[in-house]
$ cat target25.cif   # mmCIF, C-alpha atoms
data_structure
loop_
_atom_site.label_atom_id
_atom_site.label_comp_id
_atom_site.auth_asym_id
_atom_site.auth_seq_id
_atom_site.Cartn_x
_atom_site.Cartn_y
_atom_site.Cartn_z
CA MET M 81 217.82 156.10 261.89
CA VAL M 82 220.72 158.13 260.63
CA GLN M 83 218.41 160.40 258.63
CA TYR M 84 216.18 160.91 261.61
CA TYR M 85 219.05 161.85 263.85
CA SER M 86 220.65 164.16 261.35
CA THR M 87 217.51 166.27 260.93
CA ARG M 88 217.16 166.53 264.67
CA PHE M 89 220.82 167.33 265.06
CA ASP M 90 220.83 169.99 262.37
CA ALA M 91 218.43 171.94 264.57
CA SER M 92 220.46 171.17 267.69
CA PHE M 93 223.73 172.22 266.12
CA ALA M 94 222.29 175.41 264.70
CA ALA M 95 221.00 176.15 268.19
CA LEU M 96 224.39 175.40 269.73
CA SER M 97 226.38 177.41 267.22
CA ASP M 98 225.75 180.61 269.18
CA PRO M 99 227.75 181.43 272.34
CA THR M 100 224.81 183.15 274.05
CA ARG M 101 222.60 180.12 273.51
CA ARG M 102 225.26 177.80 274.86
CA GLY M 103 225.51 180.11 277.85
CA VAL M 104 221.74 179.97 278.33
CA LEU M 105 221.84 176.17 278.37
CA GLU M 106 224.63 176.16 280.92
CA GLN M 107 222.70 178.62 283.02
CA LEU M 108 219.55 176.49 282.83
CA ALA M 109 221.56 173.41 283.76
CA ARG M 110 222.10 175.13 287.10
CA GLY M 111 218.40 175.89 287.51
CA ASP M 112 215.25 177.17 285.80
CA ALA M 113 215.07 180.86 284.96
CA SER M 114 212.62 183.32 283.45
CA ILE M 115 213.26 185.09 280.14
CA THR M 116 213.67 188.34 282.09
CA GLU M 117 216.32 186.82 284.35
CA LEU M 118 218.16 185.37 281.36
CA ALA M 119 218.00 188.69 279.50
CA ASP M 120 219.51 190.46 282.54
CA LYS M 121 222.17 187.85 282.98
CA PHE M 122 223.31 188.05 279.35
CA HIS M 123 222.74 191.82 278.99
CA LEU M 124 220.19 191.39 276.23
CA THR M 125 216.80 192.94 275.54
CA LEU M 126 213.75 190.82 276.30
CA THR M 127 213.05 190.52 272.57
CA GLY M 128 216.62 189.37 271.90
CA MET M 129 216.48 186.74 274.61
CA LYS M 130 213.05 185.56 273.46
CA LYS M 131 214.54 184.88 270.02
CA HIS M 132 217.42 182.84 271.45
CA VAL M 133 215.11 180.84 273.69
CA GLY M 134 212.81 180.28 270.70
CA VAL M 135 215.67 178.69 268.71
CA LEU M 136 216.58 176.46 271.65
CA GLU M 137 212.95 175.52 272.08
CA ASP M 138 212.61 174.57 268.39
CA ALA M 139 215.64 172.32 268.77
CA GLY M 140 214.05 170.62 271.75
CA LEU M 141 216.84 171.76 274.05
CA VAL M 142 214.66 174.03 276.17
CA THR M 143 211.01 174.00 277.18
CA THR M 144 209.12 177.06 278.38
CA GLU M 145 205.97 177.49 280.38
CA LYS M 146 204.05 180.65 281.12
CA ILE M 147 203.28 181.01 284.79
CA GLY M 148 201.24 184.13 285.36
CA ARG M 149 203.12 186.92 283.60
CA VAL M 150 206.46 185.13 283.71
CA ARG M 151 207.77 182.73 281.06
CA ASN M 152 209.80 180.11 282.83
CA CYS M 153 212.55 178.26 280.94
CA ARG M 154 214.07 174.91 281.70
CA LEU M 155 216.28 172.40 279.96
CA GLY M 156 214.42 170.27 277.45
CA LEU M 157 213.98 166.62 278.10
CA GLN M 158 215.55 165.72 274.79
CA GLN M 159 219.00 164.40 275.47
CA LEU M 160 221.78 164.21 272.96
CA GLU M 161 222.22 160.49 273.07
CA ALA M 162 225.77 159.25 272.99
CA GLU M 163 225.50 157.11 269.90
CA ALA M 164 223.76 159.76 267.86
CA ALA M 165 226.30 162.34 269.00
CA TRP M 166 229.08 160.02 267.92
CA ILE M 167 227.58 159.64 264.42
CA GLU M 168 226.95 163.35 264.23
CA ARG M 169 230.56 164.23 265.00
CA ILE M 170 231.73 162.11 262.11
CA ARG M 171 229.03 163.45 259.82
CA GLN M 172 229.95 167.06 260.58
CA LEU M 173 233.60 166.42 259.81
CA TRP M 174 232.81 164.83 256.46
CA ALA M 175 230.16 167.41 255.60
CA ALA M 176 232.78 170.15 256.08
CA ARG M 177 235.26 168.27 253.90
CA PHE M 178 232.80 167.44 251.14
CA ASP M 179 231.49 171.01 250.95
CA GLU M 180 235.03 172.08 250.15
CA LEU M 181 235.50 169.14 247.75
CA ASP M 182 232.46 170.48 245.84
CA ARG M 183 234.34 173.73 245.35
CA VAL M 184 237.51 172.00 244.16
CA VAL M 185 235.57 169.85 241.66
CA GLU M 186 233.61 172.89 240.39
CA GLU M 187 236.92 174.62 239.77
CA LEU M 188 238.30 171.62 237.87
CA LYS M 189 235.14 171.53 235.76
CA ARG M 190 235.47 175.21 234.88
CA LYS M 191 239.13 174.79 234.02
CA GLU M 192 238.35 171.85 231.77
CA LYS M 193 235.72 173.88 229.94
CA ILE M 194 238.13 176.76 229.33
CA ASP M 195 240.92 174.40 228.22
CA GLY M 196 238.48 172.65 225.89
CA ARG M 197 237.58 175.98 224.26
CA LYS M 198 241.24 176.85 223.79
CA LYS M 199 241.93 173.53 222.09
CA ARG M 200 239.10 174.05 219.61
CA LYS M 201 240.51 177.41 218.48
CA MET X 159 220.83 178.65 233.73
CA ASP X 160 219.41 175.18 233.46
CA ALA X 161 222.76 173.69 234.32
CA ARG X 162 222.94 175.82 237.44
CA ARG X 163 219.47 174.78 238.58
CA GLU X 164 220.42 171.20 237.90
CA SER X 165 223.48 171.45 240.13
CA GLU X 166 221.43 172.94 242.93
CA ARG X 167 219.30 169.85 242.96
CA VAL X 168 222.21 167.59 243.82
CA ASN X 169 221.60 166.02 247.17
CA LYS X 170 224.43 167.16 249.39
CA HIS X 171 223.39 165.06 252.30
CA VAL X 172 226.15 163.11 253.96
CA THR X 173 225.08 159.74 255.32
CA VAL X 174 227.03 158.06 258.08
CA GLU X 175 226.27 154.53 259.10
CA ARG X 176 227.97 152.14 261.42
CA THR X 177 227.39 148.96 259.44
CA SER X 178 229.02 146.71 262.05
CA ASP X 179 231.07 147.00 265.24
CA ARG X 180 234.16 147.57 263.16
CA GLU X 181 232.82 149.25 260.04
CA LEU X 182 231.80 152.75 259.14
CA VAL X 183 230.30 153.86 255.83
CA VAL X 184 230.09 157.49 254.76
CA THR X 185 228.42 158.53 251.48
CA ARG X 186 227.96 161.75 249.56
CA THR X 187 227.18 162.70 245.95
CA ILE X 188 229.50 165.15 244.23
CA ASN X 189 228.33 167.15 241.22
CA GLY X 190 231.10 166.22 238.80
CA PRO X 191 232.53 163.28 236.88
CA ALA X 192 234.47 160.59 238.74
CA ARG X 193 237.76 161.43 237.03
CA LEU X 194 237.69 164.96 238.51
CA VAL X 195 236.70 163.72 241.97
CA PHE X 196 239.51 161.19 241.74
CA GLU X 197 241.89 163.96 240.71
CA ALA X 198 240.83 166.08 243.69
CA TRP X 199 241.55 163.06 245.89
CA THR X 200 244.98 162.22 244.48
CA ARG X 201 246.69 165.55 243.72
CA PRO X 202 248.16 166.84 246.98
CA GLU X 203 247.62 170.55 246.20
CA LEU X 204 243.91 169.82 245.61
CA PHE X 205 243.52 167.19 248.31
CA LYS X 206 244.82 169.40 251.10
CA ARG X 207 242.31 172.12 250.25
CA TRP X 208 239.27 170.04 251.07
CA TRP X 209 240.63 167.40 253.46
CA VAL X 210 241.63 170.18 255.80
CA PRO X 211 238.97 172.82 255.16
CA LYS X 212 239.36 176.19 256.85
CA SER X 213 236.31 175.50 258.98
CA LEU X 214 238.27 172.80 260.83
CA GLY X 215 240.63 175.39 262.24
CA MET X 216 243.63 173.10 261.71
CA SER X 217 246.53 173.96 259.50
CA LEU X 218 248.51 171.56 257.44
CA LYS X 219 252.27 172.10 257.59
CA ALA X 220 253.33 169.58 254.98
CA ILE X 221 251.81 166.98 252.72
CA GLU X 222 253.35 164.12 250.76
CA MET X 223 251.32 161.76 248.58
CA ASP X 224 252.84 159.09 246.40
CA VAL X 225 249.62 157.79 244.90
CA ARG X 226 250.48 154.34 243.56
CA VAL X 227 250.21 150.84 245.01
CA GLY X 228 252.61 150.66 247.94
CA GLY X 229 253.24 154.43 247.77
CA LYS X 230 253.20 156.36 251.05
CA TYR X 231 251.39 159.48 252.19
CA ARG X 232 251.99 161.76 255.15
CA LEU X 233 250.02 164.75 256.43
CA ASN X 234 251.88 166.85 258.95
CA PHE X 235 249.98 169.29 261.17
CA GLY X 236 253.00 170.44 263.18
CA ASP X 237 253.73 169.68 266.83
CA GLY X 238 254.49 166.10 265.89
CA MET X 239 250.94 165.47 264.77
CA ASP X 240 251.17 163.28 261.68
CA PHE X 241 248.72 161.17 259.75
CA PHE X 242 250.35 158.60 257.52
CA GLY X 243 249.99 155.28 255.75
CA LYS X 244 250.25 153.72 252.34
CA TYR X 245 248.08 153.10 249.30
CA LEU X 246 247.01 149.49 248.84
CA GLU X 247 244.96 149.96 245.68
CA VAL X 248 244.91 152.76 243.15
CA THR X 249 242.39 152.30 240.32
CA PRO X 250 241.61 155.57 238.55
CA PRO X 251 238.96 156.85 238.52
CA SER X 252 236.92 154.38 240.52
CA ARG X 253 238.70 153.07 243.61
CA LEU X 254 241.31 153.95 246.23
CA VAL X 255 242.36 151.91 249.26
CA TRP X 256 244.83 153.05 251.90
CA THR X 257 246.04 152.23 255.37
CA ASN X 258 246.02 154.60 258.36
CA GLU X 259 249.07 153.85 260.43
CA GLU X 260 249.38 156.77 262.85
CA ALA X 261 247.44 154.82 265.48
CA GLY X 262 249.66 151.75 265.08
CA GLU X 263 247.71 148.52 265.28
CA ASN X 264 244.43 150.38 265.83
CA GLY X 265 244.54 151.90 262.36
CA GLN X 266 241.71 151.37 259.90
CA ILE X 267 241.76 150.44 256.23
CA THR X 268 239.91 153.00 254.14
CA THR X 269 238.30 152.13 250.80
CA VAL X 270 236.73 154.83 248.67
CA THR X 271 234.77 154.08 245.54
CA PHE X 272 233.69 156.65 242.96
CA GLU X 273 230.58 155.71 240.99
CA GLU X 274 229.68 158.02 238.17
CA LYS X 275 226.09 158.42 237.03
CA GLY X 276 224.88 161.18 234.73
CA GLY X 277 227.85 163.44 235.36
CA ARG X 278 227.65 163.01 239.13
CA THR X 279 229.72 160.85 241.38
CA LEU X 280 228.51 158.83 244.30
CA LEU X 281 231.30 158.62 246.82
CA VAL X 282 231.23 155.68 249.20
CA MET X 283 233.87 155.64 251.89
CA HIS X 284 234.17 152.42 253.83
CA GLU X 285 236.42 152.14 256.87
CA LEU X 286 237.29 148.83 258.48
CA TYR X 287 238.75 149.08 261.98
CA PRO X 288 240.66 146.27 263.71
CA SER X 289 238.36 146.40 266.74
CA LYS X 290 235.13 147.91 268.05
CA GLU X 291 237.14 150.03 270.50
CA ALA X 292 239.20 151.54 267.69
CA LEU X 293 236.04 152.56 265.83
CA ASP X 294 234.51 153.92 269.05
CA ALA X 295 237.54 156.17 269.35
CA ALA X 296 237.00 157.52 265.82
CA GLY X 297 234.15 159.70 267.11
CA THR X 298 236.61 161.35 269.47
CA GLY X 299 239.09 161.76 266.63
CA ALA X 300 236.48 163.50 264.51
CA ALA X 301 235.61 165.69 267.47
CA GLU X 302 239.24 166.72 267.79
CA ALA X 303 239.42 167.50 264.10
CA MET X 304 236.27 169.60 264.33
CA GLY X 305 237.93 171.62 267.04
CA GLU X 306 236.17 174.15 269.14
CA THR X 307 232.57 173.50 268.15
CA PHE X 308 232.75 170.01 269.54
CA GLN X 309 234.78 170.86 272.57
CA GLN X 310 232.03 173.27 273.45
CA LEU X 311 229.43 170.64 272.78
CA ASP X 312 231.27 168.10 274.91
CA GLU X 313 231.49 170.55 277.78
CA LEU X 314 227.84 171.28 277.42
CA LEU X 315 226.96 167.59 277.41
CA LEU X 316 228.90 167.18 280.62
CA THR X 317 227.02 170.07 282.16
CA LEU X 318 223.69 168.65 281.07
CA ASP X 319 224.69 165.22 282.28
CA SER X 320 225.70 166.42 285.73
CA SER X 321 222.46 168.38 286.01
CA GLY X 322 220.83 164.97 286.38
CA LEU X 323 218.28 165.30 283.59
#
$ encode --input "target25.cif" --output "structure tokens"
Amino acid sequence: MVQYYSTRFDASFAALSDPTRRGVLEQLARGDASITELADKFHLTLTGMKKHVGVLEDAGLVTTEKIGRVRNCRLGLQQLEAEAAWIERIRQLWAARFDELDRVVEELKRKEKIDGRKKRK
Amino acid sequence: MDARRESERVNKHVTVERTSDRELVVTRTINGPARLVFEAWTRPELFKRWWVPKSLGMSLKAIEMDVRVGGKYRLNFGDGMDFFGKYLEVTPPSRLVWTNEEAGENGQITTVTFEEKGGRTLLVMHELYPSKEALDAAGTGAAEAMGETFQQLDELLLTLDSSGL
């Protein structure tokens, strides 16, 4: 279950890491909008907004539907469930710590290697 | 070159599992021998580098660690925000147990084991909370530590929630 959620959340968090995309979600929470309307609202080109919406769509946070010549966007049905969000918060904290721990241990390993060479001389 | 490729293959996935109402288990494999991981966990100048990584956006003002059975530790983040407790078990390089006393009676007991296999160390962190409620609150604590990212997420969740979807 944890593995399943973390894959899903990696996409969600990547999608949420960008202020424009968070803004788009907030905007869509107030009501559906077309890509053109969103692009205007956030002062972006159509292509730029399409990319952002694409990332949100991949993460399941937004769904789009083409109606005539307009692509309509709305909030995705996938909800960030409370329990999974709780686990994810803790995972993110530890992932950040352990990434740095990797660096510290790598440094200790390098130091040990150099010290070992000195001793042999 | 082979060594480098080897290290890239290390699975850096962090698993988090709530094993009971009061227990949380976090695991991760570190590419290095247990004695070095233990060192990084018990020398304050090394410990503070990774326990409070820059990405957290918090800054540590002072750190004290007296790593021996009954020895105390204290992490001070300024503005009266302190994390403190004492070491219950210190077994280099395989096991560390400490208390977390900043939350008074709601504090958890943390046990970390370091299992070395082929030059890598499997880290298993087990936390036992005095109650379900105290563990529930740990998610909020982590959110606070993660700072802005999660505040933004929380706000967003509220927005999504109130949109009635």
$ resolve_selection --input "target25.cif" --expression "the PyMOL selection byres ((chain M and resi 171) around 8)" --output "number ranges by chain"
M: 167-170, 172-175; X: 172-174, 184
$ resolve_selection --input "target25.cif" --expression "the PyMOL selection byres ((chain M) within 9 of (chain X))" --output "mmCIF file with C-alpha atoms, keeping the file's coordinate frame"
data_model
loop_
_atom_site.group_PDB
_atom_site.id
_atom_site.type_symbol
_atom_site.label_atom_id
_atom_site.label_comp_id
_atom_site.auth_asym_id
_atom_site.auth_seq_id
_atom_site.Cartn_x
_atom_site.Cartn_y
_atom_site.Cartn_z
ATOM 1 C CA VAL M 82 220.720 158.130 260.630
ATOM 2 C CA GLN M 83 218.410 160.400 258.630
ATOM 3 C CA SER M 86 220.650 164.160 261.350
ATOM 4 C CA PHE M 93 223.730 172.220 266.120
ATOM 5 C CA LEU M 96 224.390 175.400 269.730
ATOM 6 C CA SER M 97 226.380 177.410 267.220
ATOM 7 C CA ARG M 102 225.260 177.800 274.860
ATOM 8 C CA LEU M 105 221.840 176.170 278.370
ATOM 9 C CA GLU M 106 224.630 176.160 280.920
ATOM 10 C CA ALA M 109 221.560 173.410 283.760
ATOM 11 C CA ARG M 110 222.100 175.130 287.100
ATOM 12 C CA GLY M 111 218.400 175.890 287.510
ATOM 13 C CA LEU M 155 216.280 172.400 279.960
ATOM 14 C CA GLY M 156 214.420 170.270 277.450
ATOM 15 C CA LEU M 157 213.980 166.620 278.100
ATOM 16 C CA GLN M 159 219.000 164.400 275.470
ATOM 17 C CA LEU M 160 221.780 164.210 272.960
ATOM 18 C CA ALA M 165 226.300 162.340 269.000
ATOM 19 C CA TRP M 166 229.080 160.020 267.920
ATOM 20 C CA ILE M 167 227.580 159.640 264.420
ATOM 21 C CA GLU M 168 226.950 163.350 264.230
ATOM 22 C CA ARG M 169 230.560 164.230 265.000
ATOM 23 C CA ILE M 170 231.730 162.110 262.110
ATOM 24 C CA ARG M 171 229.030 163.450 259.820
ATOM 25 C CA GLN M 172 229.950 167.060 260.580
ATOM 26 C CA LEU M 173 233.600 166.420 259.810
ATOM 27 C CA TRP M 174 232.810 164.830 256.460
ATOM 28 C CA ALA M 175 230.160 167.410 255.600
ATOM 29 C CA ALA M 176 232.780 170.150 256.080
ATOM 30 C CA ARG M 177 235.260 168.270 253.900
ATOM 31 C CA PHE M 178 232.800 167.440 251.140
ATOM 32 C CA ASP M 179 231.490 171.010 250.950
ATOM 33 C CA GLU M 180 235.030 172.080 250.150
ATOM 34 C CA LEU M 181 235.500 169.140 247.750
ATOM 35 C CA ASP M 182 232.460 170.480 245.840
ATOM 36 C CA ARG M 183 234.340 173.730 245.350
ATOM 37 C CA VAL M 184 237.510 172.000 244.160
ATOM 38 C CA VAL M 185 235.570 169.850 241.660
ATOM 39 C CA GLU M 186 233.610 172.890 240.390
ATOM 40 C CA LEU M 188 238.300 171.620 237.870
ATOM 41 C CA LYS M 189 235.140 171.530 235.760
#
$ closest_residue --input "target25.cif" --among "M:Cys153, M:Val135, M:Val142, M:Ala95" --to "Ala119 of chain M" --atoms "all atoms listed in the file"
M:Cys153
$ residues_around --input "target25.cif" --residues "Lys219 of chain X" --least-positions-apart "2" --cutoff "12 Å" --atoms "all atoms listed in the file" --output "ChimeraX atom specification"
/X:206,210,216-217,221-222,232-241
$ atom_distance --input "target25.cif" --atom1 "atom CA of Thr269 of chain X" --atom2 "atom CA of Pro202 of chain X"
18.1 Å
$ atom_distance --input "target25.cif" --atom1 "atom CA of Thr177 of chain X" --atom2 "atom CA of Gly262 of chain X"
23.1 Å
$ atom_distance --input "target25.cif" --atom1 "atom CA of Asp112 of chain M" --atom2 "atom CA of Asn152 of chain M"
6.9 Å
$ axis_aligned_box --input "target25.cif" --around "segment 141-148 of chain M" --padding-each-side "5 Å" --output "lines of an AutoDock Vina configuration file"
center_x = 209.0
center_y = 177.9
center_z = 279.7
size_x = 25.6
size_y = 22.4
size_z = 21.3
$ resolve_selection --input "target25.cif" --expression "the PyMOL selection byres ((chain M and resi 132) around 10)" --output "VMD selection string"
chain M and resid 95 98 100 to 102 104 115 119 127 to 131 133 to 137
$ residues_near_point --input "target25.cif" --point "(231.9, 142.9, 269.0)" --cutoff "9 Å" --atoms "only C-alpha atoms" --output "number ranges by chain"
X: 178-180, 289-291
$ residues_around --input "target25.cif" --residues "segment 257-261 of chain X" --least-positions-apart "5" --cutoff "6 Å" --atoms "only C-alpha atoms" --output "ChimeraX atom specification"
/X:241-244,266-267
